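Here is the structure we will look at.
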Amino acid sequence: MVTSNVKEGSKPWWMRGNYGPVSSETEALDLPVGGEIPSELHGMFTQIGPNPPEVSPHWFLGHGMVHGILLREGRAVRYRSRWIRTPHLHSPSDDPDHPENSPANTNVVVHGGRILVLEERHLPYEINSDLGTIGPVDFGGAVARSLTAHPKVCPASGELLAFSQSRAEPALTFYRFDKQGRCITSQAAELQRPVMIHDFAMTSEHVLFLDLPVVFAAETGSAVPYHWDGKHQARLGVMSREGGPISWYNIDPCFVFHTINACSIGNRITLDACRYPTLWEGGSENFTSPAMVHRWTLDLNAGDVREETLFDVRCEFPSVDRRLLGRPNRYAYVSTMVDEEMGSIQHGHRVVKLDFVTGTTEHHHFGVSRYVCEPVFVPRSPDAEDEDDGFVLAIVYDRARDTSELVILSATSPGSVPLAIIALPERVPFGFHASWIPADL
Ligand SMILES: [Fe+2]
């Protein structure tokens, strides 16, 4: 059994409070529920994030633990947490760049009947529905070293669109995998210099990349050696989903961890994302500028890009109806971020539903000592017609009681009283990403 060796005392912020790890794996059956879990929710909600057994040198580098809550027939059948068994779990200092030595801490994505745990500097790891680790996935040898933690499953074709990055050439490689996970496109591309690209976006015709001023800088000596360089020209890149060259368009300086969605309509492409005006000006340990929702509208004929901020909400961790990835969407759901302790941006108290048609928002405030992780939209059924006919699920941490809950909101009216609150047997650290895994994956 793996247990944590982290001692109390002087610890960096990512090892303290609810950013810090829990000490062991946990399991509980038949969880207490307030309210009613919608019977349509048949599957597993997951939250994954760093949960290092030893002190990690950066929030991004702590070894990953996945938390899964199984919902069936209106019951919370099981909670289980498991570290992902990669070599990194027991030997984090041995060859950190080996493709299988992943901290496996960032995201969970289902594709081709497989549950993949992803971290952007290494290969994905497949896990089973009991959260047991199966092994690394290299897509039949097509992917040598690494894959983004944010690949996109195309709702129309079932294809998986993804990319990898390297400090050696090629700096960027775009991949397209068919429904079964076979590589059907591999397209290398060059960048101006190594930069941090955490996410990208897809439309029905294109994939979009962001080349932004958070650049590789070995001299910083940081465990995550990137920092802001205002002289680096920010660019939006457009590539065909079939591969081929990237066309680059200059944009205002900024950083983006997470895109919301994108679409191509005629010769116009829109991209929505959570945009930071700057990031890591003082190094990669602190997050000191909030992100807001931003839209870039690119006219492919004129070659110009219009930019606008859309909502007055400081937020991160966007979620949309994944049936609309790459197509126009009306709604998105985000969690707010707040300026709090340590002069840094931290998880906030609210889930906000964004309406891109009316420009309005609807808020659910969980309480002043309660903090919410990434919200996930789940449609009521695979063929539900209305875009917001479904549920928003998110883990909420209660600092006063040092406990966590899985809260289920109506996506139609998320500001209302929760449909259900599921008590978890142990707190769930603020991790990176949440996902919904349907029972019939
Ligand atoms: Fe992410």
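Please note that chains go A, B, ... in the order of the structure tokens, that every chain numbers its residues from 1, and that ligands are numbered from 1 in the order shown.
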
Selection as an MDAnalysis selection string: residues within 9 Å of ligand 1 by only C-alpha atoms and all ligand atoms:
chainID A and resid 106:107 119 149:150 198:199 257:258 317 432:433

Who sits within 8 Å of Ala171 of chain A, only C-alpha atoms, same chain under 2 positions skipped, as a PyMOL selection string
chain A and resi 165-169+173+188-191+194

Report as number ranges by chain: the residues of segment 278-391 of chain A with a DSSP assignment of helix (DSSP H, G or I), based on the backbone of this structure.
A: 322-324, 341-343

Write to file, as a short mmCIF file (atom, residue, chain, number, x, y, z; two decimals), in the first residue's frame, the residues of the selection just made, with C-alpha atoms.
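Listing of part-v2.cif after writing:
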```cif
data_model
loop_
_atom_site.label_atom_id
_atom_site.label_comp_id
_atom_site.auth_asym_id
_atom_site.auth_seq_id
_atom_site.Cartn_x
_atom_site.Cartn_y
_atom_site.Cartn_z
CA ARG A 322 -18.99 17.89 -25.46
CA ARG A 323 -21.49 16.98 -28.16
CA LEU A 324 -20.85 20.53 -29.43
CA GLU A 341 -3.87 34.06 0.59
CA MET A 342 -0.28 34.28 -0.60
CA GLY A 343 -1.17 36.95 -3.16
#
```

If you run DSSP on the backbone, which residues of segment 141-375 of chain A are strand (DSSP E or B), as number ranges by chain?
A: 152-153, 160-165, 172-177, 183-189, 195, 201-202, 206-211, 214-216, 226-228, 235-240, 243-250, 255-265, 268-276, 292-299, 304-319, 331-339, 345-355, 361-365, 370-372

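Residues in contact with Ser146 of chain A at 9 Å, where only C-alpha atoms are counted and same-chain residues fewer than 4 positions away are skipped, are listed as Pro99, Glu100, Glu119, Glu120, Arg121, His122, Leu123, Pro124, Asp138, Phe163, Ser164, Gln165 and Ser166 of chain A.
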
Two-atom distance - atom CA of Asp388 of chain A, atom CA of Glu362 of chain A (Å):
12.5 Å
